[in-house]
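Okay, so here's the structure we're looking at.
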Amino acid sequence: MNVQFQNVQSEKIKSAFIEVLERYESLKDYKIILRQQQVKSATMMAQPIFNFTSFFGGVKSYKVKLGIYVRDSDTLKVDQMSKNVLIGWFAHELGHIVDYAPYSNWRMIQYGFKYLTSEKFMRDVEYTADLIAIEHGFTTEIIAAKRYIMENDLMEQKYKDKISKYYMSIEDVIMCAEDKAVAKPKPELSTN
């Protein structure tokens, strides 16, 4: 496991991240950086690290940007979240990396563009990340993270509406955990 922490001081955050990463066996050969920094539009986000040597062969390094504060708050720090919520959030973000792994840099650029321009694709991508987390045994933690967002008075309603529109509901998570066949298919980059 090749993990690097940048600007992460909290042992709770580090241990939650390692706990999740250890269950994602398919990511063991990738370099993954967890970097805590100011993040404008999210609490955390997973992204590929592009470089020339892997342009055609696939991305081999990823970063997870982790905000210092929970989105929409300048008082609630990420390290104040419960470990269960952190694990659920990290399970979702590392689910994105599992989803990204087969793509070359060029395909990831297309992926990012489509994510920004297609609401259906964005929804499929977010559902896929949750489904991957569920398949790795993080159902309880995914539900805890969703409850934290949806039931937290510090979260703006606009953000809660976005979560409701593009991400699995708690009911969807429970259904998928019970019957994987109800899950959405993996998002495709085709132009159809």
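Ordering of the structure tokens sets the chain letters (A, B, ...), residue numbers begin anew at 1 in every chain, and ligands are numbered from 1 in the order given.
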
Give me, as JSON lines, the closest atom pair and its distance (Å, one decimal) for every residue of region 90-133 of chain A within a cut-off of 10 Å of region 140-164 of chain A, counting only C-alpha atoms, rows sorted by chain and rising number.
{"residue": "A:Phe90", "atom": "CA", "partner": "A:Ile142", "partner_atom": "CA", "distance": 9.1}
{"residue": "A:Ala91", "atom": "CA", "partner": "A:Ile142", "partner_atom": "CA", "distance": 7.4}
{"residue": "A:His92", "atom": "CA", "partner": "A:Ile142", "partner_atom": "CA", "distance": 7.3}
{"residue": "A:Arg123", "atom": "CA", "partner": "A:Ile163", "partner_atom": "CA", "distance": 9.7}
{"residue": "A:Glu126", "atom": "CA", "partner": "A:Ile163", "partner_atom": "CA", "distance": 9.5}
{"residue": "A:Asp130", "atom": "CA", "partner": "A:Ile142", "partner_atom": "CA", "distance": 7.4}
{"residue": "A:Leu131", "atom": "CA", "partner": "A:Ile142", "partner_atom": "CA", "distance": 9.8}
{"residue": "A:Ala133", "atom": "CA", "partner": "A:Ile142", "partner_atom": "CA", "distance": 7.5}

With C-alpha atoms retained, write the just-selected residues as an mmCIF file, in the first residue's frame.
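Written out: part-v3.cif:
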data_model
loop_
_atom_site.group_PDB
_atom_site.id
_atom_site.type_symbol
_atom_site.label_atom_id
_atom_site.label_comp_id
_atom_site.auth_asym_id
_atom_site.auth_seq_id
_atom_site.Cartn_x
_atom_site.Cartn_y
_atom_site.Cartn_z
ATOM 1 C CA PHE A 90 -13.505 7.869 2.383
ATOM 2 C CA ALA A 91 -15.180 4.652 1.174
ATOM 3 C CA HIS A 92 -17.154 6.709 -1.360
ATOM 4 C CA ARG A 123 -25.524 10.717 -11.218
ATOM 5 C CA GLU A 126 -21.864 9.038 -7.873
ATOM 6 C CA ASP A 130 -21.477 4.333 -3.539
ATOM 7 C CA LEU A 131 -22.069 0.897 -5.051
ATOM 8 C CA ALA A 133 -18.213 1.159 -1.337
#

Could you name the residues that touch region 23-27 of chain A at 12 Å or less, counting only C-alpha atoms, but leaving out those on the same chain fewer than 5 positions away, as a ChimeraX atom specification? /A:1-3,16-18,32,59-62,87,90-102,132-138

Which residues come within 9 Å of Lys65 (chain A), counting only C-alpha atoms, excluding same-chain residues fewer than 3 positions away, as a list in words? Ile33, Leu34, Arg35, Gln36, Gln37, Gln38, Val39, Thr43, Met44, Met45, Ala46 and Gln47 of chain A

May I have all residues of region 7-172 of chain A that DSSP, computed from the backbone, assigns to alpha helix (DSSP H), given as a VMD selection string? chain A and resid 11 to 23 83 to 100 105 to 117 119 to 135 139 to 150 157 to 166 170 to 172
